[in-house]
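Dropping work.csv in here (CSV, C-alpha atoms):
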```csv
chain,number,residue,atom,x,y,z
A,1,MET,CA,132.7,107.8,83.1
A,2,ARG,CA,134.6,106.7,86.1
A,3,ASN,CA,133.2,103.7,87.8
A,4,PHE,CA,134.7,104.2,91.2
A,5,ILE,CA,133.9,106.3,94.2
A,6,SER,CA,136.9,107.7,96.1
A,7,ILE,CA,136.8,107.6,99.9
A,8,ASP,CA,137.7,111.3,100.2
A,9,MET,CA,135.1,112.6,97.8
A,10,PRO,CA,131.9,114.0,99.2
A,11,THR,CA,128.9,111.7,99.4
A,12,ILE,CA,125.5,113.0,100.4
A,13,HIS,CA,123.2,110.3,101.8
A,14,LEU,CA,119.5,111.2,102.2
A,15,THR,CA,116.6,109.0,103.3
A,16,THR,CA,113.1,110.3,102.7
A,17,PHE,CA,109.8,108.4,103.6
A,18,ILE,CA,107.0,109.1,101.1
A,19,ALA,CA,103.5,107.8,101.7
A,20,ALA,CA,103.0,106.5,98.1
A,21,PRO,CA,103.8,103.3,96.2
A,22,ALA,CA,107.3,102.8,94.9
A,23,GLN,CA,106.1,102.9,91.3
A,24,VAL,CA,104.7,106.4,91.7
A,25,VAL,CA,107.8,107.7,93.5
A,26,PHE,CA,110.1,106.1,90.9
A,27,ASP,CA,108.3,107.7,88.0
A,28,LEU,CA,108.1,111.1,89.7
A,29,CYS,CA,111.8,111.1,90.3
A,30,ARG,CA,112.6,110.6,86.6
A,31,HIS,CA,110.0,112.9,85.2
A,32,ILE,CA,111.7,115.8,83.4
A,33,GLY,CA,108.9,118.3,83.8
A,34,LEU,CA,108.6,117.7,87.5
A,35,HIS,CA,112.3,118.1,88.0
A,36,LYS,CA,112.2,121.4,86.2
A,37,GLU,CA,109.3,122.5,88.4
A,38,SER,CA,111.1,121.4,91.6
A,39,MET,CA,114.2,123.4,90.6
A,40,GLU,CA,112.3,126.5,89.4
A,41,ARG,CA,114.2,128.8,91.7
A,42,TYR,CA,117.4,128.0,89.8
A,43,GLY,CA,115.8,128.5,86.4
A,44,GLU,CA,116.6,124.9,85.6
A,45,ASP,CA,115.5,123.8,82.1
A,46,ALA,CA,116.1,120.7,79.9
A,47,VAL,CA,117.8,122.0,76.8
A,48,ALA,CA,119.0,118.9,75.0
A,49,GLY,CA,118.4,115.1,75.0
A,50,THR,CA,115.3,113.9,76.7
A,51,ARG,CA,113.4,117.1,77.4
A,52,PHE,CA,109.9,115.9,78.4
A,53,GLY,CA,108.3,113.0,80.1
A,54,LEU,CA,110.1,110.0,81.8
A,55,ILE,CA,113.8,109.6,81.1
A,56,GLU,CA,114.9,106.0,80.5
A,57,LYS,CA,118.1,103.9,80.7
A,58,ASP,CA,120.9,105.1,78.4
A,59,GLU,CA,119.1,108.4,77.6
A,60,THR,CA,120.7,111.7,78.3
A,61,VAL,CA,119.4,115.1,79.4
A,62,THR,CA,121.3,118.4,79.4
A,63,TRP,CA,120.2,120.8,82.2
A,64,LYS,CA,120.8,124.5,82.1
A,65,ALA,CA,120.5,126.4,85.4
A,66,LYS,CA,121.9,129.3,87.3
A,67,HIS,CA,124.1,128.4,90.3
A,68,PHE,CA,126.7,130.6,92.0
A,69,PHE,CA,125.8,133.6,89.8
A,70,LYS,CA,126.6,131.8,86.6
A,71,THR,CA,124.6,129.9,84.0
A,72,ARG,CA,125.8,126.3,83.9
A,73,LEU,CA,125.2,123.2,81.8
A,74,LEU,CA,125.1,119.7,83.1
A,75,ARG,CA,124.7,116.7,80.8
A,76,VAL,CA,123.8,113.5,82.5
A,77,LYS,CA,123.1,109.9,81.3
A,78,ILE,CA,120.9,107.3,83.0
A,79,THR,CA,123.6,104.6,83.3
A,80,GLU,CA,121.6,102.1,85.4
A,81,MET,CA,117.9,101.4,85.8
A,82,LYS,CA,116.0,98.6,87.5
A,83,LYS,CA,112.3,99.6,87.2
A,84,TYR,CA,110.8,100.7,90.5
A,85,GLU,CA,113.9,99.8,92.5
A,86,THR,CA,116.8,102.0,91.4
A,87,PHE,CA,118.3,104.3,88.8
A,88,THR,CA,121.6,106.1,88.5
A,89,ASP,CA,122.5,109.3,86.6
A,90,GLU,CA,126.1,110.2,85.9
A,91,GLN,CA,127.7,113.4,84.6
A,92,LEU,CA,128.9,113.3,81.0
A,93,GLN,CA,129.8,117.0,80.8
A,94,GLY,CA,129.6,119.7,83.4
A,95,ASP,CA,131.5,121.6,86.1
A,96,PHE,CA,132.1,118.6,88.4
A,97,LYS,CA,135.2,116.5,87.9
A,98,MET,CA,132.8,113.5,88.6
A,99,MET,CA,129.1,113.3,89.6
A,100,LYS,CA,127.1,110.1,90.2
A,101,HIS,CA,123.5,110.2,91.7
A,102,GLU,CA,122.0,106.9,92.8
A,103,ASN,CA,118.2,106.8,93.5
A,104,HIS,CA,117.0,103.7,95.4
A,105,PHE,CA,113.3,102.9,96.1
A,106,LYS,CA,112.4,100.6,99.0
A,107,PRO,CA,108.7,99.6,99.4
A,108,CYS,CA,107.7,99.6,103.1
A,109,ASP,CA,104.5,99.7,105.2
A,110,ASN,CA,102.4,102.6,103.9
A,111,GLY,CA,104.8,103.9,101.3
A,112,THR,CA,108.3,104.0,100.0
A,113,ILE,CA,111.7,104.9,101.4
A,114,LEU,CA,113.6,107.0,98.9
A,115,ILE,CA,117.4,106.8,99.3
A,116,ASN,CA,119.7,109.2,97.5
A,117,LEU,CA,123.4,108.7,97.3
A,118,PHE,CA,125.0,111.7,95.6
A,119,HIS,CA,128.7,111.3,95.0
A,120,PHE,CA,130.7,114.2,93.5
A,121,GLU,CA,134.2,115.5,93.0
A,122,THR,CA,135.2,119.0,92.1
A,123,PRO,CA,138.2,120.2,90.1
A,124,TYR,CA,140.9,122.5,91.5
A,125,GLY,CA,142.5,120.1,94.0
A,126,PHE,CA,142.9,121.5,97.5
A,127,LEU,CA,140.8,124.6,96.6
A,128,GLY,CA,137.9,122.4,95.3
A,129,LYS,CA,138.0,120.2,98.5
A,130,TRP,CA,138.0,123.4,100.7
A,131,PHE,CA,135.0,124.8,98.7
A,132,ASN,CA,133.2,121.4,99.2
A,133,GLN,CA,133.7,121.5,102.9
A,134,LEU,CA,132.9,125.2,103.3
A,135,TYR,CA,129.8,125.4,101.1
A,136,LEU,CA,129.1,123.1,98.1
A,137,THR,CA,128.2,119.9,100.0
A,138,ARG,CA,125.6,121.8,102.1
A,139,TYR,CA,124.3,123.6,99.0
A,140,MET,CA,123.9,120.3,97.1
A,141,LYS,CA,122.3,118.6,100.1
A,142,ASN,CA,119.8,121.4,100.4
A,143,MET,CA,118.9,121.1,96.7
A,144,LEU,CA,118.3,117.4,97.0
A,145,GLU,CA,116.2,117.8,100.2
A,146,GLN,CA,114.2,120.5,98.4
A,147,ARG,CA,113.6,118.2,95.5
A,148,ASN,CA,112.6,115.2,97.7
A,149,GLU,CA,110.1,117.4,99.6
A,150,PHE,CA,108.6,118.5,96.3
A,151,ILE,CA,108.3,114.9,95.1
A,152,LYS,CA,106.8,113.9,98.5
A,153,LYS,CA,104.2,116.6,98.2
A,154,ILE,CA,103.2,115.6,94.7
A,155,ALA,CA,103.3,111.8,95.5
A,156,GLU,CA,101.2,112.1,98.7
A,157,GLY,CA,98.5,114.2,97.0
A,158,GLU,CA,96.4,113.7,94.0
A,159,ARG,CA,98.6,115.7,91.5
A,160,TRP,CA,100.8,112.7,90.7
A,161,LYS,CA,97.9,111.2,88.6
A,162,VAL,CA,98.0,114.3,86.3
A,163,VAL,CA,101.8,114.5,86.2
A,164,LEU,CA,102.2,110.9,85.2
A,165,ARG,CA,99.4,110.9,82.8
A,166,ASP,CA,101.3,113.4,80.5
```

Let me see whether you can do it: turn the structure in this file into structure tokens.
Amino acid sequence: MRNFISIDMPTIHLTTFIAAPAQVVFDLCRHIGLHKESMERYGEDAVAGTRFGLIEKDETVTWKAKHFFKTRLLRVKITEMKKYETFTDEQLQGDFKMMKHENHFKPCDNGTILINLFHFETPYGFLGKWFNQLYLTRYMKNMLEQRNEFIKKIAEGERWKVVLRD
């Protein structure tokens, strides 16, 4: 894994307010089943590593999903975790040249501010950068926004109690 972020690689920065405690939002964000449900339209499934429940530091999960008309595998590892404050997953294997997704949880009045920093780099040099600008960055941002809205809906309702009980 590379431990640096290049200035010219795409970074998606999202901030989402969720009217729920940081502990609830934190656990929902690392819940394998909930992630699968939030990415159902892509047929995303955990096929290796931690496949159920809450993923922990140093654990891996391999996701299988259909993106851009092709079935893809992405193996990630939780490389950093400070309970209820932050966790980071990084690509070990997959189509990206590099991928690092930071999740930060900031308690505030009436809830939590969820901050996502998604850094990625594609292969193929100039063509990869062109594809990022033309399409991929927007595609990835939309996926993260969709996921955050799904987590927000679960956290702000009563269903989180059932999800986190499993």

>> Between atom CA of Phe126 of chain A and atom CA of His13 of chain A, what distance in Å does the model show, to one decimal?
In response: 23.1 Å

Would you give me, as JSON lines, each residue of segment 49-114 of chain A having an atom within 12 Å of an atom of segment 144-148 of chain A, along with its shortest atom pair and that distance in Å to one decimal, using all atoms listed in the file and sorting by chain and residue number?
```
{"residue": "A:His101", "atom": "CA", "partner": "A:Leu144", "partner_atom": "CA", "distance": 10.3}
{"residue": "A:Glu102", "atom": "CA", "partner": "A:Leu144", "partner_atom": "CA", "distance": 11.9}
{"residue": "A:Asn103", "atom": "CA", "partner": "A:Asn148", "partner_atom": "CA", "distance": 10.9}
{"residue": "A:Ile113", "atom": "CA", "partner": "A:Asn148", "partner_atom": "CA", "distance": 11.0}
{"residue": "A:Leu114", "atom": "CA", "partner": "A:Asn148", "partner_atom": "CA", "distance": 8.3}
```

> Pick from A:Phe150, A:Tyr84, A:Tyr135, A:Phe17: nearest to Leu34 of chain A, with all atoms listed in the file counted?
Replying inline: A:Phe150

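Ranking A:Met81, A:Cys108, A:Ile151, A:Ala22 by their shortest atom-to-atom distance to Ile55 of chain A, with only C-alpha atoms included, puts A:Met81 first.
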
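Within 12 Å of the point (123.7, 124.0, 97.7), and counting only C-alpha atoms, the protein, DNA and RNA residues are Ile12, Met39, Tyr42, Lys66, His67, Phe68, Phe131, Asn132, Gln133, Leu134, Tyr135, Leu136, Thr137, Arg138, Tyr139, Met140, Lys141, Asn142, Met143, Leu144, Glu145, Gln146 and Arg147 of chain A.
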
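We find atom CA of Thr122 of chain A and atom CA of Thr60 of chain A to be spaced 21.3 Å apart.
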
> Can you tell me how far atom CA of Met9 of chain A sits from atom CA of Leu117 of chain A, in Å to one decimal?
Replying inline: 12.3 Å

> Which of these, A:Thr16, A:Asp95, A:Val24, A:Gly125, has the shortest distance to Lys83 of chain A once you count only C-alpha atoms?
Replying inline: A:Val24

>> At a cut-off of 7 Å, using all atoms listed in the file, what residues contact Thr79 of chain A? Leave out same-chain residues fewer than 4 positions from it and give the result as an NGL selection string.
In response: :A and (57-58 or 88-90)

>> Need the shell around Ala20 of chain A: protein/DNA/RNA residues with any atom at most 12 Å away, counting all atoms listed in the file. Skip same-chain ones fewer than 2 positions apart. Format as a PyMOL selection string?
In response: chain A and resi 16-18+22-28+105-114+151-158+160-161

>> Under the rule that all atoms listed in the file are counted, which of A:Gly33, A:Thr86, A:Lys64, A:Glu59 is the nearest residue to Val47 of chain A?
In response: A:Lys64

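Of the listed residues A:Gln93, A:Leu14, A:Glu80, A:Glu149, the one whose atoms come nearest to Ser38 of chain A is A:Glu149, with distances taken using all atoms listed in the file.
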
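Compared by their closest atoms to Met98 of chain A, and using only C-alpha atoms, the residues A:Leu164, A:Pro10, A:Arg159, A:Ala48 rank with A:Pro10 nearest.
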